[in-house]
$ cat coords-v5.cif   # mmCIF, C-alpha atoms and all ligand atoms
data_entry
loop_
_atom_site.group_PDB
_atom_site.id
_atom_site.type_symbol
_atom_site.label_atom_id
_atom_site.label_comp_id
_atom_site.auth_asym_id
_atom_site.auth_seq_id
_atom_site.Cartn_x
_atom_site.Cartn_y
_atom_site.Cartn_z
ATOM 1 C CA MET A 1 83.466 87.841 138.322
ATOM 2 C CA VAL A 2 86.354 87.842 135.875
ATOM 3 C CA ILE A 3 88.873 90.421 137.030
ATOM 4 C CA PHE A 4 91.386 91.849 134.607
ATOM 5 C CA ASN A 5 93.879 94.511 135.477
ATOM 6 C CA CYS A 6 96.803 94.802 133.076
ATOM 7 C CA LEU A 7 99.939 94.780 135.235
ATOM 8 C CA MET A 8 102.034 96.070 132.307
ATOM 9 C CA ARG A 9 104.575 93.278 132.677
ATOM 10 C CA GLY A 10 104.678 92.752 128.929
ATOM 11 C CA HIS A 11 104.347 88.990 129.375
ATOM 12 C CA CYS A 12 102.051 88.639 126.332
ATOM 13 C CA CYS A 13 104.323 90.965 124.321
ATOM 14 C CA LYS A 14 107.179 88.477 124.702
ATOM 15 C CA LYS A 15 105.248 85.255 124.261
ATOM 16 C CA PHE A 16 103.259 85.821 121.048
ATOM 17 C CA TRP A 17 103.958 87.233 117.630
ATOM 18 C CA ILE A 18 101.453 89.856 116.509
ATOM 19 C CA PRO A 19 99.703 89.517 113.139
ATOM 20 C CA VAL A 20 98.739 92.882 111.674
ATOM 21 C CA THR A 21 96.460 94.279 109.017
ATOM 22 C CA HIS A 22 97.227 97.123 106.636
ATOM 23 C CA LEU A 23 95.077 99.348 108.879
ATOM 24 C CA ASP A 24 97.021 98.402 112.035
ATOM 25 C CA LEU A 25 100.168 99.555 110.233
ATOM 26 C CA LEU A 26 98.502 102.745 109.018
ATOM 27 C CA ARG A 27 97.554 103.673 112.612
ATOM 28 C CA ILE A 28 101.144 103.177 113.758
ATOM 29 C CA MET A 29 102.396 105.278 110.864
ATOM 30 C CA GLU A 30 99.874 108.106 111.078
ATOM 31 C CA TYR A 31 99.405 108.467 114.816
ATOM 32 C CA CYS A 32 102.814 107.389 116.150
ATOM 33 C CA GLY A 33 104.822 108.960 113.326
ATOM 34 C CA ILE A 34 106.711 105.709 112.722
ATOM 35 C CA GLU A 35 107.789 104.876 109.204
ATOM 36 C CA ILE A 36 106.619 101.415 108.196
ATOM 37 C CA THR A 37 109.682 99.700 106.801
ATOM 38 C CA ARG A 38 110.914 96.110 106.611
ATOM 39 C CA ASP A 39 112.495 96.668 110.078
ATOM 40 C CA ILE A 40 109.065 97.116 111.663
ATOM 41 C CA VAL A 41 107.482 93.959 110.275
ATOM 42 C CA SER A 42 108.189 90.242 110.080
ATOM 43 C CA LEU A 43 106.923 87.621 107.674
ATOM 44 C CA TYR A 44 106.005 84.281 109.252
ATOM 45 C CA GLU A 45 105.908 81.282 106.940
ATOM 46 C CA ALA A 46 102.278 80.223 106.700
ATOM 47 C CA GLU A 47 103.057 76.531 106.284
ATOM 48 C CA LEU A 48 104.398 76.467 109.858
ATOM 49 C CA TYR A 49 101.042 77.685 111.231
ATOM 50 C CA GLU A 50 98.527 75.632 109.286
ATOM 51 C CA ASP A 51 95.664 76.136 111.750
ATOM 52 C CA LEU A 52 95.910 79.923 111.827
ATOM 53 C CA PHE A 53 92.978 81.602 110.104
ATOM 54 C CA TYR A 54 94.494 84.794 108.735
ATOM 55 C CA PRO A 55 95.161 86.173 105.247
ATOM 56 C CA ARG A 56 98.230 84.573 103.665
ATOM 57 C CA ILE A 57 100.408 86.856 101.581
ATOM 58 C CA SER A 58 102.155 85.444 98.501
ATOM 59 C CA LEU A 59 105.678 86.696 98.134
ATOM 60 C CA GLY A 60 108.347 85.202 95.927
ATOM 61 C CA GLY A 61 106.467 81.914 95.606
ATOM 62 C CA LYS A 62 105.812 81.367 99.330
ATOM 63 C CA LYS A 63 102.925 82.276 101.621
ATOM 64 C CA TYR A 64 103.390 84.381 104.737
ATOM 65 C CA PHE A 65 101.573 86.065 107.594
ATOM 66 C CA LEU A 66 102.424 89.726 108.059
ATOM 67 C CA ALA A 67 103.275 90.563 111.677
ATOM 68 C CA LEU A 68 105.134 93.035 113.838
ATOM 69 C CA ALA A 69 108.865 92.458 114.057
ATOM 70 C CA SER A 70 110.308 90.788 117.148
ATOM 71 C CA ARG A 71 113.652 91.180 118.844
ATOM 72 C CA SER A 72 116.057 88.265 119.273
ATOM 73 C CA ASP A 73 114.533 87.421 122.692
ATOM 74 C CA GLY A 74 111.094 87.113 121.056
ATOM 75 C CA SER A 75 109.733 90.367 122.472
ATOM 76 C CA CYS A 76 107.768 92.756 120.302
ATOM 77 C CA ILE A 77 109.753 95.555 118.732
ATOM 78 C CA PHE A 78 107.472 98.074 120.444
ATOM 79 C CA LEU A 79 107.988 96.727 123.961
ATOM 80 C CA ASP A 80 110.013 99.344 125.808
ATOM 81 C CA ASN A 81 111.040 98.756 129.432
ATOM 82 C CA GLY A 82 108.113 96.407 129.909
ATOM 83 C CA LYS A 83 105.564 98.816 128.401
ATOM 84 C CA CYS A 84 104.028 99.200 124.992
ATOM 85 C CA SER A 85 105.481 102.292 123.329
ATOM 86 C CA ILE A 86 102.500 102.550 120.943
ATOM 87 C CA HIS A 87 99.863 101.631 123.535
ATOM 88 C CA ARG A 88 97.067 103.917 122.332
ATOM 89 C CA PHE A 89 97.468 102.864 118.712
ATOM 90 C CA LYS A 90 98.532 99.265 119.144
ATOM 91 C CA PRO A 91 97.276 96.573 116.727
ATOM 92 C CA TYR A 92 93.805 95.213 117.332
ATOM 93 C CA VAL A 93 95.082 91.734 118.214
ATOM 94 C CA CYS A 94 96.834 93.264 121.243
ATOM 95 C CA ARG A 95 93.657 94.971 122.422
ATOM 96 C CA PHE A 96 91.740 91.764 123.075
ATOM 97 C CA TYR A 97 94.226 89.800 125.146
ATOM 98 C CA PRO A 98 93.497 88.059 127.570
ATOM 99 C CA PHE A 99 90.058 87.809 125.928
ATOM 100 C CA VAL A 100 88.874 86.697 122.500
ATOM 101 C CA TYR A 101 85.845 87.591 120.457
ATOM 102 C CA VAL A 102 83.544 85.009 118.940
ATOM 103 C CA GLU A 103 80.990 85.652 116.204
ATOM 104 C CA LYS A 104 77.528 84.505 117.304
ATOM 105 C CA ASP A 105 74.097 84.886 115.697
ATOM 106 C CA GLY A 106 75.211 87.793 113.503
ATOM 107 C CA ASP A 107 76.832 89.616 116.418
ATOM 108 C CA VAL A 108 79.891 89.211 118.606
ATOM 109 C CA ASP A 109 80.521 88.012 122.123
ATOM 110 C CA ILE A 110 83.580 88.174 124.339
ATOM 111 C CA GLU A 111 85.120 85.235 126.155
ATOM 112 C CA VAL A 112 88.243 84.638 128.205
ATOM 113 C CA ASN A 113 91.129 83.443 126.042
ATOM 114 C CA GLU A 114 91.803 79.922 127.305
ATOM 115 C CA ASN A 115 95.471 80.264 126.399
ATOM 116 C CA ALA A 116 95.734 83.213 128.800
ATOM 117 C CA ILE A 117 94.483 81.327 131.849
ATOM 118 C CA GLY A 118 97.425 80.833 134.177
ATOM 119 C CA GLU A 119 99.628 82.840 131.805
ATOM 120 C CA CYS A 120 98.358 86.424 132.073
ATOM 121 C CA PRO A 121 99.269 87.715 135.561
ATOM 122 C CA GLY A 122 96.502 90.349 135.443
ATOM 123 C CA LEU A 123 93.678 87.877 134.824
ATOM 124 C CA ILE A 124 91.792 86.461 137.827
ATOM 125 C CA LEU A 125 88.942 84.016 137.265
ATOM 126 C CA ASP A 126 86.252 83.701 139.953
ATOM 127 C CA ASN A 127 83.379 82.713 137.688
ATOM 128 C CA ASP A 128 82.460 83.284 134.042
ATOM 129 C CA SER A 129 81.126 86.843 134.033
ATOM 130 C CA ILE A 130 83.175 89.597 132.380
ATOM 131 C CA PRO A 131 82.470 93.165 133.649
ATOM 132 C CA ILE A 132 79.899 94.761 131.347
ATOM 133 C CA ASP A 133 81.880 97.949 130.573
ATOM 134 C CA LEU A 134 84.913 95.929 129.550
ATOM 135 C CA LYS A 135 82.759 93.565 127.549
ATOM 136 C CA ASN A 136 81.060 96.405 125.679
ATOM 137 C CA THR A 137 84.373 98.054 124.826
ATOM 138 C CA LEU A 138 85.766 94.768 123.527
ATOM 139 C CA LYS A 139 82.597 94.123 121.534
ATOM 140 C CA MET A 140 83.018 97.494 119.849
ATOM 141 C CA TYR A 141 86.639 96.607 119.036
ATOM 142 C CA ALA A 142 85.515 93.213 117.735
ATOM 143 C CA ARG A 143 82.988 94.717 115.310
ATOM 144 C CA ILE A 144 85.656 97.075 113.975
ATOM 145 C CA ARG A 145 88.182 94.253 113.796
ATOM 146 C CA ILE A 146 85.844 92.060 111.763
ATOM 147 C CA GLN A 147 85.239 94.889 109.309
ATOM 148 C CA GLU A 148 88.961 95.646 109.006
ATOM 149 C CA LEU A 149 89.830 91.995 108.502
ATOM 150 C CA LYS A 150 87.384 91.764 105.594
ATOM 151 C CA LEU A 151 89.097 94.742 103.961
ATOM 152 C CA TYR A 152 92.532 93.263 104.648
ATOM 153 C CA GLU A 153 91.483 89.938 103.110
ATOM 154 C CA LYS A 154 90.519 91.796 99.936
ATOM 155 C CA VAL A 155 93.832 93.674 99.840
ATOM 156 C CA VAL A 156 95.817 90.459 100.297
ATOM 157 C CA ASP A 157 93.717 88.677 97.697
ATOM 158 C CA ASP A 158 94.340 91.471 95.171
ATOM 159 C CA TRP A 159 98.053 91.467 95.984
ATOM 160 C CA ASN A 160 98.287 87.699 95.578
ATOM 161 C CA LYS A 161 96.644 87.894 92.154
ATOM 162 C CA SER A 162 98.862 90.767 91.039
ATOM 163 C CA GLU A 163 102.078 90.526 89.053
ATOM 164 C CA PHE A 164 103.979 92.006 92.024
ATOM 165 C CA SER A 165 103.574 89.062 94.390
ATOM 166 C CA ALA A 166 105.986 86.839 92.466
ATOM 167 C CA ASN A 167 109.080 89.011 92.845
ATOM 168 C CA GLY A 168 109.279 88.881 96.642
ATOM 169 C CA ASP A 169 109.836 92.605 97.172
ATOM 170 C CA ILE A 170 108.749 93.328 100.751
ATOM 171 C CA ASP A 171 109.290 97.087 100.337
ATOM 172 C CA TYR A 172 106.827 97.154 97.487
ATOM 173 C CA LEU A 173 104.410 94.970 99.438
ATOM 174 C CA LEU A 174 104.390 97.518 102.288
ATOM 175 C CA LEU A 175 103.910 100.380 99.863
ATOM 176 C CA TYR A 176 101.024 98.551 98.202
ATOM 177 C CA ILE A 177 99.145 97.680 101.369
ATOM 178 C CA LEU A 178 99.648 101.119 102.938
ATOM 179 C CA ARG A 179 98.268 102.801 99.829
ATOM 180 C CA ARG A 180 95.215 100.581 100.078
ATOM 181 C CA ALA A 181 94.978 101.307 103.808
ATOM 182 C CA VAL A 182 94.554 105.018 103.075
ATOM 183 C CA TYR A 183 91.531 104.254 100.872
ATOM 184 C CA ASP A 184 90.092 101.770 103.346
ATOM 185 C CA LYS A 185 90.453 104.237 106.212
ATOM 186 C CA LYS A 186 88.419 106.780 104.212
ATOM 187 C CA TYR A 187 85.779 104.136 103.588
ATOM 188 C CA LEU A 188 85.600 103.207 107.281
ATOM 189 C CA GLU A 189 85.349 106.877 108.232
ATOM 190 C CA SER A 190 82.440 107.275 105.813
ATOM 191 C CA ILE A 191 80.483 104.486 107.539
ATOM 192 C CA GLY A 192 81.486 105.558 111.073
ATOM 193 C CA MET A 193 83.690 102.485 111.646
ATOM 194 C CA TRP A 194 87.117 104.095 111.887
ATOM 195 C CA HIS A 195 88.592 103.994 115.351
ATOM 196 C CA ILE A 196 92.099 104.788 116.464
HETATM 197 S S1 LIG B 201 102.268 96.341 120.032
HETATM 198 FE FE1 LIG B 201 102.425 96.847 122.189
HETATM 199 S S2 LIG B 201 100.842 95.593 123.201
HETATM 200 FE FE2 LIG B 201 101.190 94.705 121.151
HETATM 201 S S3 LIG B 201 102.746 93.119 121.480
HETATM 202 FE FE3 LIG B 201 103.831 95.003 120.892
HETATM 203 S S4 LIG B 201 104.411 95.977 122.845
HETATM 204 FE FE4 LIG B 201 102.810 94.454 123.284
#

$ encode --input "coords-v5.cif" --output "structure tokens"
Amino acid sequence: MVIFNCLMRGHCCKKFWIPVTHLDLLRIMEYCGIEITRDIVSLYEAELYEDLFYPRISLGGKKYFLALASRSDGSCIFLDNGKCSIHRFKPYVCRFYPFVYVEKDGDVDIEVNENAIGECPGLILDNDSIPIDLKNTLKMYARIRIQELKLYEKVVDDWNKSEFSANGDIDYLLLYILRRAVYDKKYLESIGMWHI
């Protein structure tokens, strides 16, 4: 049995930066009442993370990954006394750790994240079976995540082709992607794929 019980130590929230989609940001804005400004996000230079498969945003002639902002100690801006202050509406990337989803035969499966073994204090490996309830919940998240990523890829692609990408205005970038997020949320609601 794989046992996972989040001990809320915030270990993963200090170790990794968190890539986000326009819909992750919309959830934080709509359900947590937090204004999405340049203080909430960070741009990570894509050329430093060549192997990362994620939409690359053009801004002022460079390519970036859009992520949550971090504090000077590397911890996520939403980590508060060791706990996530936006837990219920946190980005989808955060919801999978210490697992990952893999796309298989037109569907998804859930596996233990190899990078979390020995790192995540709440993960105990006895053999390779993940509890079915947990697996089913993560599979549901994975299907939603895949759908949202496709929409985000389209938004980033449109942005990169637009006249706005060249001027490097992050405020306008956020405005642009949040406007698109409102439309994409409506679309996901219409096909029963919107989940908070
Ligand atoms: S959003 Fe929450 S769960 Fe995700 S890294 Fe930040 S504090 Fe941790």

$ resolve_selection --input "coords-v5.cif" --expression "the PyMOL selection byres (((not hetatm)) within 10 of (chain B and resi 201))" --output "number ranges by chain"
A: 8-20, 24, 28, 68-70, 75-97

$ resolve_selection --input "coords-v5.cif" --expression "the PyMOL selection byres (((chain A and resi 117) around 12) and not hetatm)" --output "VMD selection string"
chain A and resid 2 to 4 12 97 to 99 111 to 116 118 to 126

$ residues_around --input "coords-v5.cif" --residues "range 53-59 of chain A" --least-positions-apart "2" --cutoff "10 Å" --atoms "only C-alpha atoms" --output "count of residues only"
38

$ atom_distance --input "coords-v5.cif" --atom1 "CA of Glu189 in chain A" --atom2 "CA of Tyr101 in chain A"
22.8 Å

$ atom_distance --input "coords-v5.cif" --atom1 "CA of Asp133 in chain A" --atom2 "CA of Gln147 in chain A"
21.7 Å
